[in-house]
Amino acid sequence: MIFFDLDDTLLDHSTAAVIAFNEMYLMLKTKFELPNFASSRLFIIWKNICRNQYNSYLAKKISYHEKNLTCVHLFLKKLNITAIEEAEKITQVYLNSYKKHWSLFPDVEVTLTELKNHSLGIISNGDLR
C-alpha cells in the first residue's frame, strides 16, 4: 500500500495558509486600525504560535477548535488587540479562507492516475472536518 499525507504532499497547505493569513490580517488591520507592519514578519509569528498550538493538539491537550481559537487569541495579544470576543469570528475568517484556497499540487492527479493499480491511502494528523 502506498500512503500519501495531505498537507504539502497532495494539498498545497503552505500557500493556502499564507493567503488565509493575509486575508485575516487585512481584516484585522482595517477593523483595528493597525499600523503597517510587514505581513511576512507577522506570518512568522503566526506560524510559530500555530505550530506550538498544533503540538498541544497532537498531544491531546486541546481540541482542534481550541487550537485554532488559541492561535487567534495569542496572535491578537501579540498585536495588543484586547477584543478577545472577536476571536471566534476572526478564526472563521482564517479557516474559511484557508479551506477556500486548498488546491492540489500540479502533479497529484497524474501521479494518482499512474498509481491507480496500486492500493492507495491517505494519512493525516489533522482534524477530520
# chains A, B, ... in the order shown; residues from 1 in each chain; ligands from 1
>>> closest_atom_pairs(of="region 47-75 of chain A", to="region 85-96 of chain A", cutoff="8 Å", atoms="only C-alpha atoms", output="JSON lines")
{"residue": "A:Asn68", "atom": "CA", "partner": "A:Thr91", "partner_atom": "CA", "distance": 6.5}
{"residue": "A:Leu69", "atom": "CA", "partner": "A:Thr91", "partner_atom": "CA", "distance": 6.1}
{"residue": "A:Val72", "atom": "CA", "partner": "A:Ala87", "partner_atom": "CA", "distance": 6.0}
{"residue": "A:His73", "atom": "CA", "partner": "A:Ala87", "partner_atom": "CA", "distance": 6.2}
>>> residues_around(residues="region 46-61 of chain A", least_positions_apart="6", cutoff="10 Å", atoms="only C-alpha atoms", output="list in words")
Ala17, Val18, Phe21, Ser39, Ser40, Lys67, Asn68, Leu69, Thr70, Cys71, Val72, His73, Leu74, Phe75, Leu76, Lys78, Asn125, Gly126 and Asp127 of chain A
>>> write_last_selection(atoms="N, CA, C and O atoms", output="PDB file, in the first residue's frame")
ATOM      1  N   ALA A  17      -2.329  28.599   3.595  1.00  0.00           N
ATOM      2  CA  ALA A  17      -2.118  29.213   4.911  1.00  0.00           C
ATOM      3  C   ALA A  17      -1.655  30.660   4.785  1.00  0.00           C
ATOM      4  O   ALA A  17      -2.112  31.536   5.526  1.00  0.00           O
ATOM      5  N   VAL A  18      -0.772  30.933   3.846  1.00  0.00           N
ATOM      6  CA  VAL A  18      -0.285  32.310   3.641  1.00  0.00           C
ATOM      7  C   VAL A  18      -1.427  33.208   3.161  1.00  0.00           C
ATOM      8  O   VAL A  18      -1.617  34.322   3.673  1.00  0.00           O
ATOM      9  N   PHE A  21      -3.849  33.764   6.026  1.00  0.00           N
ATOM     10  CA  PHE A  21      -3.275  34.699   6.995  1.00  0.00           C
ATOM     11  C   PHE A  21      -3.378  36.127   6.477  1.00  0.00           C
ATOM     12  O   PHE A  21      -3.773  37.035   7.210  1.00  0.00           O
ATOM     13  N   SER A  39       3.797  42.078   6.776  1.00  0.00           N
ATOM     14  CA  SER A  39       2.982  40.879   6.979  1.00  0.00           C
ATOM     15  C   SER A  39       3.820  39.605   6.962  1.00  0.00           C
ATOM     16  O   SER A  39       3.471  38.623   7.610  1.00  0.00           O
ATOM     17  N   SER A  40       4.955  39.617   6.258  1.00  0.00           N
ATOM     18  CA  SER A  40       5.799  38.417   6.238  1.00  0.00           C
ATOM     19  C   SER A  40       6.386  38.149   7.630  1.00  0.00           C
ATOM     20  O   SER A  40       6.494  36.996   8.048  1.00  0.00           O
ATOM     21  N   LYS A  67      -7.383  24.724  19.441  1.00  0.00           N
ATOM     22  CA  LYS A  67      -6.101  25.066  18.811  1.00  0.00           C
ATOM     23  C   LYS A  67      -6.266  26.301  17.929  1.00  0.00           C
ATOM     24  O   LYS A  67      -5.504  27.264  18.042  1.00  0.00           O
ATOM     25  N   ASN A  68      -7.273  26.278  17.073  1.00  0.00           N
ATOM     26  CA  ASN A  68      -7.499  27.403  16.168  1.00  0.00           C
ATOM     27  C   ASN A  68      -7.821  28.693  16.918  1.00  0.00           C
ATOM     28  O   ASN A  68      -7.275  29.747  16.621  1.00  0.00           O
ATOM     29  N   LEU A  69      -8.688  28.586  17.905  1.00  0.00           N
ATOM     30  CA  LEU A  69      -9.084  29.756  18.683  1.00  0.00           C
ATOM     31  C   LEU A  69      -7.914  30.318  19.486  1.00  0.00           C
ATOM     32  O   LEU A  69      -7.720  31.536  19.547  1.00  0.00           O
ATOM     33  N   THR A  70      -7.108  29.444  20.051  1.00  0.00           N
ATOM     34  CA  THR A  70      -5.952  29.885  20.832  1.00  0.00           C
ATOM     35  C   THR A  70      -4.915  30.563  19.944  1.00  0.00           C
ATOM     36  O   THR A  70      -4.286  31.546  20.358  1.00  0.00           O
ATOM     37  N   CYS A  71      -4.741  30.069  18.724  1.00  0.00           N
ATOM     38  CA  CYS A  71      -3.831  30.736  17.785  1.00  0.00           C
ATOM     39  C   CYS A  71      -4.254  32.188  17.592  1.00  0.00           C
ATOM     40  O   CYS A  71      -3.425  33.104  17.651  1.00  0.00           O
ATOM     41  N   VAL A  72      -5.530  32.398  17.381  1.00  0.00           N
ATOM     42  CA  VAL A  72      -6.035  33.757  17.174  1.00  0.00           C
ATOM     43  C   VAL A  72      -5.886  34.581  18.447  1.00  0.00           C
ATOM     44  O   VAL A  72      -5.424  35.722  18.399  1.00  0.00           O
ATOM     45  N   HIS A  73      -6.273  34.010  19.596  1.00  0.00           N
ATOM     46  CA  HIS A  73      -6.126  34.741  20.875  1.00  0.00           C
ATOM     47  C   HIS A  73      -4.693  35.215  21.074  1.00  0.00           C
ATOM     48  O   HIS A  73      -4.457  36.387  21.397  1.00  0.00           O
ATOM     49  N   LEU A  74      -3.746  34.313  20.899  1.00  0.00           N
ATOM     50  CA  LEU A  74      -2.340  34.653  21.136  1.00  0.00           C
ATOM     51  C   LEU A  74      -1.822  35.653  20.102  1.00  0.00           C
ATOM     52  O   LEU A  74      -1.022  36.537  20.437  1.00  0.00           O
ATOM     53  N   PHE A  75      -2.284  35.531  18.873  1.00  0.00           N
ATOM     54  CA  PHE A  75      -1.866  36.479  17.847  1.00  0.00           C
ATOM     55  C   PHE A  75      -2.428  37.873  18.148  1.00  0.00           C
ATOM     56  O   PHE A  75      -1.718  38.877  18.020  1.00  0.00           O
ATOM     57  N   LEU A  76      -3.689  37.937  18.544  1.00  0.00           N
ATOM     58  CA  LEU A  76      -4.279  39.226  18.921  1.00  0.00           C
ATOM     59  C   LEU A  76      -3.498  39.865  20.062  1.00  0.00           C
ATOM     60  O   LEU A  76      -3.246  41.076  20.054  1.00  0.00           O
ATOM     61  N   LYS A  78      -0.342  39.466  20.716  1.00  0.00           N
ATOM     62  CA  LYS A  78       0.922  39.976  20.153  1.00  0.00           C
ATOM     63  C   LYS A  78       0.728  41.333  19.487  1.00  0.00           C
ATOM     64  O   LYS A  78       1.638  42.150  19.464  1.00  0.00           O
ATOM     65  N   ASN A 125      -2.617  13.903  10.250  1.00  0.00           N
ATOM     66  CA  ASN A 125      -2.753  14.076  11.695  1.00  0.00           C
ATOM     67  C   ASN A 125      -3.629  15.293  11.982  1.00  0.00           C
ATOM     68  O   ASN A 125      -3.656  15.797  13.081  1.00  0.00           O
ATOM     69  N   GLY A 126      -4.368  15.725  10.976  1.00  0.00           N
ATOM     70  CA  GLY A 126      -5.276  16.866  11.136  1.00  0.00           C
ATOM     71  C   GLY A 126      -6.650  16.420  11.557  1.00  0.00           C
ATOM     72  O   GLY A 126      -6.913  15.241  11.799  1.00  0.00           O
ATOM     73  N   ASP A 127      -7.526  17.377  11.629  1.00  0.00           N
ATOM     74  CA  ASP A 127      -8.907  17.145  12.024  1.00  0.00           C
ATOM     75  C   ASP A 127      -9.696  16.599  10.838  1.00  0.00           C
ATOM     76  O   ASP A 127      -9.425  16.950   9.690  1.00  0.00           O
TER      77      ASP A 127
END
>>> select_by_dssp(residues="chain A", states="helix (DSSP H, G or I)", output="number ranges by chain")
A: 13-31, 39-58, 64-78, 84-100, 108-114
>>> residues_around(residues="Leu112 (chain A)", least_positions_apart="5", cutoff="12 Å", atoms="only C-alpha atoms", output="VMD selection string")
chain A and resid 2 to 4 10 104 to 107 117 to 122
>>> closest_residue(among="A:Ala16, A:Met24, A:Met1, A:Leu79", to="Ile45 (chain A)", atoms="only C-alpha atoms")
A:Leu79
